[in-house]
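What follows is the content of structure-v5.cif, which has mmCIF, C-alpha atoms and all ligand atoms:
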data_protein
#
loop_
_atom_site.label_atom_id
_atom_site.label_comp_id
_atom_site.auth_asym_id
_atom_site.auth_seq_id
_atom_site.Cartn_x
_atom_site.Cartn_y
_atom_site.Cartn_z
CA MET P 2 0.00 0.00 0.00
CA ASN P 3 1.40 3.40 -0.95
CA ASN P 4 0.83 5.39 2.25
CA GLU P 5 1.62 8.85 0.93
CA LYS P 6 -0.66 8.47 -2.08
CA ASN P 7 -3.38 7.11 0.17
CA LEU P 8 -3.19 9.93 2.68
CA SER P 9 -2.99 12.75 0.15
CA SER P 10 -6.38 11.68 -1.17
CA LEU P 11 -8.10 12.19 2.21
CA LYS P 12 -10.15 15.34 2.82
CA PHE P 13 -10.00 16.29 6.49
CA ILE P 14 -12.57 18.70 7.86
CA ASN P 15 -10.70 20.10 10.85
CA ASN P 16 -13.57 22.18 12.14
CA ARG P 17 -17.15 20.92 11.84
CA THR P 18 -18.84 23.45 14.11
CA GLY P 19 -22.09 24.86 12.79
CA THR P 20 -23.03 21.72 10.85
CA ASN P 21 -25.62 20.33 13.34
CA SER P 22 -23.09 17.65 14.18
CA TYR P 23 -23.78 15.64 17.35
CA LYS P 24 -20.05 15.33 17.75
CA TRP P 25 -19.12 18.99 17.31
CA ASP P 26 -22.18 21.10 18.03
CA LYS P 27 -23.22 19.70 21.40
CA ASN P 28 -21.85 22.72 23.18
CA GLU P 29 -21.01 26.08 21.62
CA ASN P 30 -17.72 26.28 23.53
CA ILE P 31 -16.34 23.21 21.81
CA LYS P 32 -13.78 23.91 19.09
CA TYR P 33 -12.29 20.41 18.78
CA SER P 34 -14.23 17.21 19.29
CA PHE P 35 -12.78 13.74 19.77
CA GLY P 36 -16.07 12.34 21.10
CA ILE P 37 -18.86 10.52 19.28
CA ALA P 38 -17.82 7.88 16.76
CA ASP P 39 -17.97 9.57 13.40
CA MET P 40 -15.12 10.85 11.27
CA ASP P 41 -13.83 14.31 10.40
CA ILE P 42 -12.96 12.89 7.00
CA ALA P 43 -15.15 13.44 3.94
CA LEU P 44 -15.78 10.78 1.33
CA SER P 45 -13.57 11.05 -1.75
CA ASP P 46 -14.51 13.03 -4.87
CA ASN P 47 -14.96 9.94 -7.03
CA ILE P 48 -17.40 8.43 -4.52
CA ILE P 49 -19.31 11.71 -4.31
CA LYS P 50 -19.40 11.87 -8.12
CA SER P 51 -20.94 8.42 -8.21
CA ILE P 52 -23.49 9.36 -5.52
CA ASN P 53 -24.33 12.50 -7.48
CA LYS P 54 -25.55 10.36 -10.37
CA LYS P 55 -28.45 9.37 -8.12
CA ILE P 56 -29.05 12.94 -6.90
CA ASP P 57 -29.00 14.24 -10.49
CA THR P 58 -31.96 12.05 -11.47
CA GLY P 59 -34.10 14.24 -9.21
CA LEU P 60 -36.18 11.14 -8.45
CA PHE P 61 -36.55 10.04 -4.84
CA GLY P 62 -39.71 7.95 -4.90
CA TYR P 63 -40.40 4.59 -3.18
CA GLU P 64 -37.88 1.97 -4.22
CA TYR P 65 -37.32 -1.76 -3.85
CA ILE P 66 -34.09 -2.93 -2.31
CA SER P 67 -32.30 -3.90 -5.50
CA GLU P 68 -30.41 -7.12 -6.23
CA ASN P 69 -27.40 -4.86 -6.69
CA TYR P 70 -27.65 -3.62 -3.13
CA TYR P 71 -27.56 -7.18 -1.75
CA ASP P 72 -24.79 -8.21 -4.14
CA THR P 73 -22.51 -5.31 -3.25
CA PHE P 74 -22.96 -5.97 0.47
CA ILE P 75 -22.40 -9.74 0.09
CA ASN P 76 -19.27 -9.07 -2.01
CA TRP P 77 -17.96 -6.60 0.55
CA VAL P 78 -18.20 -9.13 3.37
CA ARG P 79 -16.72 -11.87 1.20
CA ASN P 80 -13.76 -9.79 0.01
CA ARG P 81 -13.01 -8.06 3.28
CA HIS P 82 -13.56 -10.93 5.73
CA ASN P 83 -13.83 -14.08 3.67
CA ILE P 84 -17.36 -14.74 4.95
CA GLU P 85 -20.14 -16.14 2.80
CA ILE P 86 -23.65 -14.89 3.46
CA LYS P 87 -26.85 -15.53 1.55
CA LYS P 88 -29.25 -12.85 0.37
CA ASP P 89 -32.16 -14.52 2.19
CA TRP P 90 -30.41 -14.04 5.52
CA ILE P 91 -30.27 -10.23 5.21
CA THR P 92 -32.86 -7.83 6.58
CA VAL P 93 -32.26 -4.13 5.96
CA VAL P 94 -33.20 -1.93 8.94
CA ASP P 95 -32.98 1.82 9.63
CA GLY P 96 -29.91 1.63 11.86
CA VAL P 97 -28.28 -0.90 14.16
CA ILE P 98 -29.86 0.32 17.39
CA THR P 99 -33.30 0.27 15.73
CA GLY P 100 -32.69 -3.36 14.78
CA ILE P 101 -31.52 -4.21 18.29
CA LYS P 102 -34.73 -2.67 19.67
CA ILE P 103 -36.75 -4.80 17.24
CA ALA P 104 -34.90 -7.90 18.47
CA VAL P 105 -35.48 -6.96 22.12
CA GLN P 106 -39.21 -6.65 21.37
CA SER P 107 -39.34 -9.86 19.33
CA PHE P 108 -37.44 -12.24 21.56
CA THR P 109 -38.06 -11.05 25.12
CA LYS P 110 -41.07 -10.02 27.22
CA GLU P 111 -41.40 -7.07 29.59
CA GLY P 112 -39.38 -7.79 32.72
CA ASP P 113 -37.05 -10.31 31.02
CA GLY P 114 -33.33 -9.99 31.60
CA VAL P 115 -31.17 -8.73 28.72
CA LEU P 116 -27.43 -9.07 29.24
CA ILE P 117 -24.62 -6.74 28.11
CA LEU P 118 -20.95 -6.52 29.06
CA ASN P 119 -19.70 -3.71 31.29
CA PRO P 120 -18.18 -1.33 30.14
CA TYR P 121 -20.87 -0.93 27.46
CA TYR P 122 -22.09 1.19 24.59
CA HIS P 123 -24.81 3.28 26.27
CA SER P 124 -27.49 2.95 23.53
CA TYR P 125 -27.84 -0.74 24.46
CA VAL P 126 -29.10 0.41 27.85
CA ASP P 127 -31.76 2.57 26.15
CA ALA P 128 -32.79 -0.35 23.91
CA ILE P 129 -33.31 -2.50 27.03
CA LYS P 130 -34.79 -0.01 29.49
CA ASN P 131 -37.03 1.87 27.05
CA ASN P 132 -38.68 -1.49 26.34
CA ASN P 133 -39.15 -2.25 30.06
CA ARG P 134 -36.71 -5.13 30.04
CA ARG P 135 -34.25 -5.69 32.89
CA LEU P 136 -30.67 -4.56 32.34
CA VAL P 137 -28.26 -7.32 33.40
CA THR P 138 -24.50 -6.78 33.17
CA SER P 139 -21.45 -8.99 33.28
CA ASN P 140 -18.11 -7.27 33.91
CA LEU P 141 -15.14 -7.59 31.63
CA ILE P 142 -11.96 -7.99 33.69
CA TYR P 143 -9.28 -5.35 33.16
CA LYS P 144 -5.92 -7.07 33.56
CA ASN P 145 -2.43 -6.29 32.22
CA ASN P 146 -3.93 -3.49 30.15
CA ASN P 147 -6.29 -5.88 28.33
CA TYR P 148 -9.89 -6.87 28.88
CA GLU P 149 -10.70 -10.48 29.63
CA PHE P 150 -14.00 -12.33 29.44
CA ASN P 151 -15.25 -13.76 32.74
CA THR P 152 -16.75 -17.05 31.56
CA LYS P 153 -17.82 -18.29 34.98
CA PHE P 154 -19.59 -15.10 36.01
CA PHE P 155 -21.22 -14.83 32.57
CA GLU P 156 -22.84 -18.25 32.91
CA LYS P 157 -23.76 -17.66 36.55
CA ILE P 158 -25.54 -14.36 35.81
CA ILE P 159 -27.44 -15.92 32.87
CA LEU P 160 -28.88 -18.50 35.23
CA LYS P 161 -29.42 -16.18 38.18
CA GLU P 162 -31.18 -13.47 36.16
CA ASN P 163 -32.93 -15.82 33.75
CA VAL P 164 -31.39 -14.00 30.79
CA LYS P 165 -33.10 -14.41 27.40
CA LEU P 166 -30.97 -12.22 25.18
CA PHE P 167 -27.28 -11.26 25.13
CA ILE P 168 -26.01 -8.25 23.17
CA LEU P 169 -22.37 -8.79 22.29
CA ASN P 170 -20.25 -6.05 20.80
CA ASN P 171 -17.67 -7.55 18.45
CA PRO P 172 -15.20 -5.80 18.48
CA HIS P 173 -16.05 -4.14 21.75
CA ASN P 174 -16.79 -0.45 22.14
CA PRO P 175 -15.27 1.27 24.15
CA THR P 176 -12.47 -1.10 25.28
CA GLY P 177 -11.36 -2.10 21.79
CA LYS P 178 -11.39 -5.78 22.77
CA VAL P 179 -11.21 -7.98 19.67
CA TRP P 180 -12.77 -11.36 20.42
CA SER P 181 -10.86 -14.51 19.60
CA GLU P 182 -12.53 -17.46 17.92
CA LYS P 183 -12.05 -19.46 21.13
CA GLU P 184 -13.89 -16.82 23.20
CA LEU P 185 -16.72 -16.57 20.69
CA ARG P 186 -17.13 -20.35 20.68
CA GLU P 187 -17.23 -20.32 24.49
CA ILE P 188 -19.93 -17.61 24.44
CA TYR P 189 -21.93 -19.52 21.84
CA LYS P 190 -21.68 -22.74 23.83
CA ILE P 191 -22.88 -21.16 27.07
CA CYS P 192 -25.69 -19.21 25.40
CA SER P 193 -26.90 -22.22 23.41
CA LYS P 194 -26.87 -24.35 26.57
CA HIS P 195 -29.24 -21.88 28.27
CA SER P 196 -31.29 -20.93 25.18
CA VAL P 197 -30.01 -17.36 25.18
CA LEU P 198 -30.23 -15.60 21.83
CA ILE P 199 -27.11 -13.61 20.87
CA ILE P 200 -26.99 -10.37 18.90
CA SER P 201 -23.46 -9.70 17.73
CA ASP P 202 -23.11 -5.98 16.90
CA GLU P 203 -20.18 -5.89 14.45
CA VAL P 204 -20.27 -2.26 13.29
CA PHE P 205 -16.56 -1.77 14.03
CA GLY P 206 -15.46 -5.06 12.45
CA ASP P 207 -13.98 -3.29 9.41
CA PHE P 208 -11.56 -1.38 11.67
CA VAL P 209 -9.72 -4.36 13.14
CA VAL P 210 -6.11 -4.57 11.97
CA PRO P 211 -4.81 -6.67 10.37
CA ARG P 212 -8.18 -7.25 8.84
CA ASN P 213 -7.93 -11.05 8.75
CA SER P 214 -7.75 -11.04 12.56
CA PHE P 215 -11.43 -10.06 12.85
CA VAL P 216 -13.62 -13.08 13.62
CA SER P 217 -17.29 -12.51 12.90
CA PHE P 218 -19.77 -14.34 15.07
CA SER P 219 -21.18 -15.75 11.87
CA SER P 220 -18.14 -18.03 11.61
CA VAL P 221 -18.84 -19.70 14.94
CA CYS P 222 -22.63 -20.02 14.96
CA GLY P 223 -24.11 -22.89 13.02
CA SER P 224 -26.53 -22.47 10.14
CA ASN P 225 -29.48 -22.76 12.52
CA GLY P 226 -27.90 -21.10 15.52
CA LEU P 227 -29.49 -18.73 18.02
CA SER P 228 -27.79 -15.65 16.67
CA ILE P 229 -28.27 -12.36 14.87
CA ILE P 230 -25.38 -10.43 13.35
CA ALA P 231 -25.74 -6.68 12.99
CA THR P 232 -23.51 -4.77 10.64
CA SER P 233 -23.71 -1.59 8.64
CA PRO P 234 -21.90 0.62 6.11
CA CYS P 235 -22.40 3.60 8.45
CA LYS P 236 -19.30 3.42 10.66
CA THR P 237 -17.16 1.94 7.90
CA PHE P 238 -17.83 4.74 5.42
CA ASN P 239 -18.78 7.57 7.75
CA ILE P 240 -22.41 7.75 6.65
CA SER P 241 -24.07 7.31 10.06
CA GLY P 242 -26.61 10.05 9.37
CA LEU P 243 -28.11 7.82 6.66
CA LYS P 244 -29.36 5.27 9.23
CA ILE P 245 -29.08 1.97 7.41
CA SER P 246 -27.95 -1.44 8.64
CA ASN P 247 -27.93 -5.09 7.63
CA PHE P 248 -29.15 -7.75 10.05
CA ILE P 249 -27.89 -11.22 9.13
CA ILE P 250 -30.03 -14.04 10.52
CA LYS P 251 -29.39 -17.59 9.35
CA ASN P 252 -32.10 -19.30 11.39
CA TYR P 253 -35.42 -19.22 9.51
CA ASN P 254 -37.70 -18.96 12.56
CA ILE P 255 -35.68 -16.19 14.18
CA ARG P 256 -35.59 -14.31 10.88
CA ARG P 257 -39.37 -14.61 10.47
CA GLU P 258 -40.03 -13.36 14.01
CA PHE P 259 -37.61 -10.47 13.56
CA ARG P 260 -39.23 -9.43 10.26
CA ASN P 261 -42.73 -9.70 11.74
CA GLN P 262 -41.76 -7.37 14.56
CA LYS P 263 -40.05 -5.01 12.14
CA ASN P 264 -43.21 -4.86 10.03
CA LYS P 265 -45.27 -3.95 13.09
CA ASN P 266 -43.20 -0.79 13.50
CA MET P 267 -41.73 0.19 10.19
CA SER P 268 -42.32 0.33 6.48
CA GLU P 269 -40.78 -2.53 4.55
CA ARG P 270 -39.33 0.10 2.21
CA ALA P 271 -35.93 1.60 2.90
CA ASN P 272 -34.67 5.14 2.33
CA CYS P 273 -33.73 5.36 -1.35
CA LEU P 274 -30.73 7.63 -0.79
CA SER P 275 -29.35 5.44 2.00
CA LEU P 276 -29.60 2.45 -0.33
CA ALA P 277 -27.96 4.20 -3.28
CA ILE P 278 -25.13 5.64 -1.20
CA SER P 279 -24.50 2.37 0.65
CA GLU P 280 -24.34 0.51 -2.65
CA THR P 281 -21.81 3.04 -3.96
CA VAL P 282 -19.54 2.91 -0.93
CA TYR P 283 -19.58 -0.89 -0.75
CA LYS P 284 -18.62 -0.95 -4.42
CA HIS P 285 -16.12 1.91 -4.61
CA GLY P 286 -15.11 2.73 -1.04
CA GLU P 287 -12.33 0.28 -0.25
CA PHE P 288 -9.38 2.47 -1.27
CA TRP P 289 -10.84 5.34 0.76
CA LEU P 290 -11.36 3.09 3.80
CA ASN P 291 -7.81 1.72 3.61
CA SER P 292 -6.52 5.30 3.50
CA VAL P 293 -8.60 6.23 6.53
CA ILE P 294 -7.21 3.23 8.41
CA THR P 295 -3.63 4.15 7.48
CA ASN P 296 -4.22 7.67 8.78
CA SER P 297 -5.72 6.37 11.99
CA LEU P 298 -2.76 4.05 12.58
CA ILE P 299 -0.47 7.07 12.29
CA ASN P 300 -2.63 9.01 14.76
CA LYS P 301 -2.55 6.12 17.18
CA LYS P 302 1.24 5.97 17.03
CA VAL P 303 1.48 9.72 17.67
CA VAL P 304 -0.75 9.31 20.75
CA MET P 305 1.18 6.29 22.03
CA ASP P 306 4.58 7.94 21.54
CA PHE P 307 3.36 11.05 23.37
CA PHE P 308 2.18 9.12 26.43
CA LYS P 309 5.20 6.84 26.48
CA GLU P 310 7.57 9.78 26.46
CA LYS P 311 5.72 12.22 28.72
CA TYR P 312 3.30 10.27 30.90
CA PRO P 313 4.40 6.65 31.13
CA ASP P 314 2.08 6.06 34.11
CA ILE P 315 -0.93 6.58 31.80
CA GLN P 316 -1.86 3.47 29.85
CA ILE P 317 -3.37 3.21 26.41
CA VAL P 318 -5.43 0.03 26.53
CA ASN P 319 -4.13 -2.62 24.10
CA SER P 320 -6.36 -2.94 21.08
CA SER P 321 -6.20 -3.66 17.40
CA VAL P 322 -9.34 -1.64 16.61
CA ILE P 323 -8.09 1.65 15.28
CA TYR P 324 -11.20 3.87 15.32
CA TRP P 325 -10.63 5.28 18.79
CA THR P 326 -8.28 4.79 21.70
CA TRP P 327 -9.33 3.93 25.27
CA ILE P 328 -7.05 5.62 27.77
CA ASN P 329 -6.69 4.65 31.41
CA LEU P 330 -6.30 7.82 33.50
CA THR P 331 -6.84 6.19 36.89
CA ALA P 332 -3.18 6.81 37.80
CA LEU P 333 -3.99 10.55 37.88
CA SER P 334 -6.76 10.20 40.51
CA ILE P 335 -8.66 12.98 38.74
CA THR P 336 -12.44 13.10 38.90
CA GLU P 337 -14.40 13.18 35.67
CA ASP P 338 -15.96 16.55 36.57
CA VAL P 339 -12.58 18.17 37.10
CA LEU P 340 -11.22 16.64 33.90
CA HIS P 341 -14.29 17.73 31.95
CA ASN P 342 -13.89 21.33 33.14
CA LEU P 343 -10.21 21.35 32.27
CA PHE P 344 -10.90 20.02 28.77
CA LEU P 345 -13.68 22.59 28.32
CA LYS P 346 -11.22 25.38 29.16
CA HIS P 347 -9.35 24.19 26.07
CA SER P 348 -12.64 23.93 24.12
CA ILE P 349 -12.11 20.18 23.72
CA GLU P 350 -14.59 17.32 23.90
CA VAL P 351 -13.76 13.64 24.38
CA SER P 352 -15.96 10.70 25.42
CA TYR P 353 -15.84 10.35 29.20
CA GLY P 354 -15.59 6.88 30.69
CA SER P 355 -18.70 6.98 32.87
CA THR P 356 -20.88 7.20 29.73
CA PHE P 357 -19.91 3.55 29.25
CA GLY P 358 -21.01 2.37 32.68
CA ASN P 359 -19.32 2.37 36.07
CA LEU P 360 -16.36 0.32 34.79
CA GLY P 361 -15.55 3.19 32.45
CA ASP P 362 -14.82 5.54 35.36
CA GLY P 363 -11.32 6.96 35.16
CA PHE P 364 -10.99 6.31 31.42
CA ILE P 365 -11.55 8.46 28.34
CA ARG P 366 -12.21 7.42 24.75
CA VAL P 367 -10.49 9.53 22.11
CA ASN P 368 -11.68 9.37 18.51
CA LEU P 369 -8.74 8.98 16.10
CA MET P 370 -10.71 9.65 12.91
CA CYS P 371 -9.33 13.11 12.23
CA SER P 372 -6.21 14.78 10.92
CA VAL P 373 -2.92 14.33 12.71
CA ASP P 374 -2.96 18.13 13.22
CA ASN P 375 -6.10 17.83 15.34
CA ILE P 376 -4.64 14.91 17.28
CA LYS P 377 -1.66 17.14 18.08
CA VAL P 378 -4.03 19.86 19.33
CA PHE P 379 -5.56 17.28 21.68
CA LEU P 380 -2.17 16.16 22.94
CA SER P 381 -0.85 19.63 23.55
CA ALA P 382 -4.06 20.56 25.42
CA PHE P 383 -3.72 17.38 27.45
CA ASP P 384 -0.15 18.33 28.32
CA GLU P 385 -1.27 21.78 29.52
CA ILE P 386 -4.15 20.26 31.47
CA LEU P 387 -1.89 17.84 33.29
CA LYS P 388 0.65 20.51 34.10
CA SER P 389 -1.99 22.78 35.62
CA TYR P 390 -3.71 19.88 37.39
CA ARG P 391 -0.46 18.71 38.95
CA LYS P 392 0.35 22.26 40.01
CA LEU P 393 -3.10 22.54 41.57
CA ARG P 394 -2.68 19.23 43.39
CA GLY P 395 0.78 20.27 44.53
CA ASN P 396 -0.75 23.42 46.01
CA ILE P 397 -3.48 21.44 47.71
CA ASN P 398 -0.92 18.99 49.12
CA ASP P 399 1.35 21.88 50.26
CA ASN P 400 -1.46 23.53 52.23
C1 LIG O 501 -21.20 -0.39 19.01
C2 LIG O 501 -22.16 0.50 18.30
N1 LIG O 501 -23.26 -0.02 17.74
C3 LIG O 501 -24.15 0.75 17.09
C4 LIG O 501 -23.96 2.12 16.99
C5 LIG O 501 -24.98 2.98 16.31
O1 LIG O 501 -25.47 2.41 15.18
P1 LIG O 501 -26.72 3.10 14.43
O2 LIG O 501 -26.42 4.56 14.30
O3 LIG O 501 -26.76 2.38 13.13
O4 LIG O 501 -27.92 2.85 15.26
C6 LIG O 501 -22.82 2.70 17.55
C7 LIG O 501 -22.59 4.15 17.44
O5 LIG O 501 -21.64 4.70 17.92
C8 LIG O 501 -21.91 1.87 18.24
O6 LIG O 501 -20.83 2.38 18.81
#

How would this structure read if it were set down as structure tokens?
Ligand SMILES: Cc1ncc(COP(=O)(O)O)c(C=O)c1O
Amino acid sequence: MNNEKNLSSLKFINNRTGTNSYKWDKNENIKYSFGIADMDIALSDNIIKSINKKIDTGLFGYEYISENYYDTFINWVRNRHNIEIKKDWITVVDGVITGIKIAVQSFTKEGDGVLILNPYYHSYVDAIKNNNRRLVTSNLIYKNNNYEFNTKFFEKIILKENVKLFILNNPHNPTGKVWSEKELREIYKICSKHSVLIISDEVFGDFVVPRNSFVSFSSVCGSNGLSIIATSPCKTFNISGLKISNFIIKNYNIRREFRNQKNKNMSERANCLSLAISETVYKHGEFWLNSVITNSLINKKVVMDFFKEKYPDIQIVNSSVIYWTWINLTALSITEDVLHNLFLKHSIEVSYGSTFGNLGDGFIRVNLMCSVDNIKVFLSAFDEILKSYRKLRGNINDN
């Protein structure tokens, strides 16, 4: 891969304020955001040109989901991850969290236990609680700067709380844990033993490096298994505002139930622009995505070198997902409120650990999908923040 050529083709938008962006416009004092998981990188001109062909027709009426849409998605998964899926298994839904809500409604009753791993992506909690299901959590174990799966506790809590559904995040947001085939098989075995349906949310699967180290849950569950795999072009190609996702369900009965529930809530038609744009990016977006990943690897190295040199007591959690980095600040003994205020003084936003449950306390998640210039702004602000915080603590300790 020619790195320089790749990177020169990327269009960074270093300031996205005033664009109604959830990431940038949450607070008018924010001038740099490293929070919510979308990218400050625009799609390439040739992709936009291809999308414009659809816009130029001026026709946005009701559309079928075309054979082409399915084919481009199936080819993407085959080429990128060597996984074979069949068209019949795919249900297109308006977003991953929407699909997870549909599954919660289809396969559990009010009051049933739905299990997630702590730390967790907070929208899972909404999907469970907004549907009056019980939130059940199993802790990941943080050890030697990695996160480990607690098999014994996982099985115990399934039995104790009579869990019906488990939402797995593969790879895991925010810790960056990439699940091994052995772990996934273990999870599948335990869940099958206790008739627990698994949803594997794989939206960050395209960001695992090297790419052949990503193991989709679809490779461990049998053709009739109790599992649903959720994926989408949205994170991969930075089109999250288009709200489109693909739910892959091999088991006929589960698929039928899921579609029935979907039809109770939503039109069977999908958004025609989301379909056209997704088809285009699956077909033409690979070079762009590889460039984005190269850039992000550079950003990650800049962050790691900075901490290694200046703050070796702060640990960057080991991970081969390169969308964000999960940083352990517990060595600083700084509260999240204090940290938040200090970052705000520098007009900077990051994702704070407590958003991801109590096991996120003391951590921050920093989005790497931006220019290296912006990453350097973050690091220099962080340096200033730590200097002033240490001075402040020194003063407190002196008094
Ligand atoms: C793990 C995970 N799943 C799903 C989503 C959201 O997906 P969607 O916007 O398609 O609902 C996010 C967004 O950050 C996420 O981090």

Given a cut-off of 10 Å, what residues near ligand LIG 501 (chain O) show up using all atoms listed in the file, put as a short mmCIF file (atom, residue, chain, number, x, y, z; two decimals) with C-alpha atoms, keeping the file's coordinate frame?
data_model
loop_
_atom_site.label_atom_id
_atom_site.label_comp_id
_atom_site.auth_asym_id
_atom_site.auth_seq_id
_atom_site.Cartn_x
_atom_site.Cartn_y
_atom_site.Cartn_z
CA GLY P 36 -16.07 12.34 21.10
CA ILE P 37 -18.86 10.52 19.28
CA ALA P 38 -17.82 7.88 16.76
CA ASP P 39 -17.97 9.57 13.40
CA VAL P 94 -33.20 -1.93 8.94
CA ASP P 95 -32.98 1.82 9.63
CA GLY P 96 -29.91 1.63 11.86
CA VAL P 97 -28.28 -0.90 14.16
CA ILE P 98 -29.86 0.32 17.39
CA THR P 99 -33.30 0.27 15.73
CA GLY P 100 -32.69 -3.36 14.78
CA ILE P 101 -31.52 -4.21 18.29
CA LYS P 102 -34.73 -2.67 19.67
CA TYR P 121 -20.87 -0.93 27.46
CA TYR P 122 -22.09 1.19 24.59
CA HIS P 123 -24.81 3.28 26.27
CA SER P 124 -27.49 2.95 23.53
CA TYR P 125 -27.84 -0.74 24.46
CA LEU P 169 -22.37 -8.79 22.29
CA ASN P 170 -20.25 -6.05 20.80
CA ASN P 171 -17.67 -7.55 18.45
CA PRO P 172 -15.20 -5.80 18.48
CA HIS P 173 -16.05 -4.14 21.75
CA ASN P 174 -16.79 -0.45 22.14
CA PRO P 175 -15.27 1.27 24.15
CA SER P 201 -23.46 -9.70 17.73
CA ASP P 202 -23.11 -5.98 16.90
CA GLU P 203 -20.18 -5.89 14.45
CA VAL P 204 -20.27 -2.26 13.29
CA PHE P 205 -16.56 -1.77 14.03
CA GLY P 206 -15.46 -5.06 12.45
CA ALA P 231 -25.74 -6.68 12.99
CA THR P 232 -23.51 -4.77 10.64
CA SER P 233 -23.71 -1.59 8.64
CA PRO P 234 -21.90 0.62 6.11
CA CYS P 235 -22.40 3.60 8.45
CA LYS P 236 -19.30 3.42 10.66
CA ILE P 240 -22.41 7.75 6.65
CA SER P 241 -24.07 7.31 10.06
CA GLY P 242 -26.61 10.05 9.37
CA LEU P 243 -28.11 7.82 6.66
CA LYS P 244 -29.36 5.27 9.23
CA ILE P 245 -29.08 1.97 7.41
CA SER P 246 -27.95 -1.44 8.64
CA ASN P 247 -27.93 -5.09 7.63
#

Any idea what's packed within 10 Å of Leu333 of chain P, counting only C-alpha atoms, ignoring anything in its chain fewer than 4 positions away? Could you give it as a list of chain:residue names?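 With the cut-off at 10 Å, the set is P:Asp314, P:Ile315, P:Asn329, P:Gly363, P:Leu387, P:Tyr390, P:Arg391.
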
Separation of atom CA of Phe155 of chain P from atom CA of Gln106 of chain P in Å: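 Separation of atom CA of Gln106 of chain P and atom CA of Phe155 of chain P: 22.7 Å.
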
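The shortest atom-to-atom distance to Asn146 of chain P, with all atoms listed in the file taken into account, belongs to P:Gly177 out of P:Trp325, P:Ile86, P:Gly177, P:Lys194.
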
List the spatial neighbours of Thr73 of chain P as a ChimeraX atom specification - criterion: any atom at most 7 Å away, only C-alpha atoms, same-chain residues fewer than 4 positions off excluded. /P:69,77,280,283-284
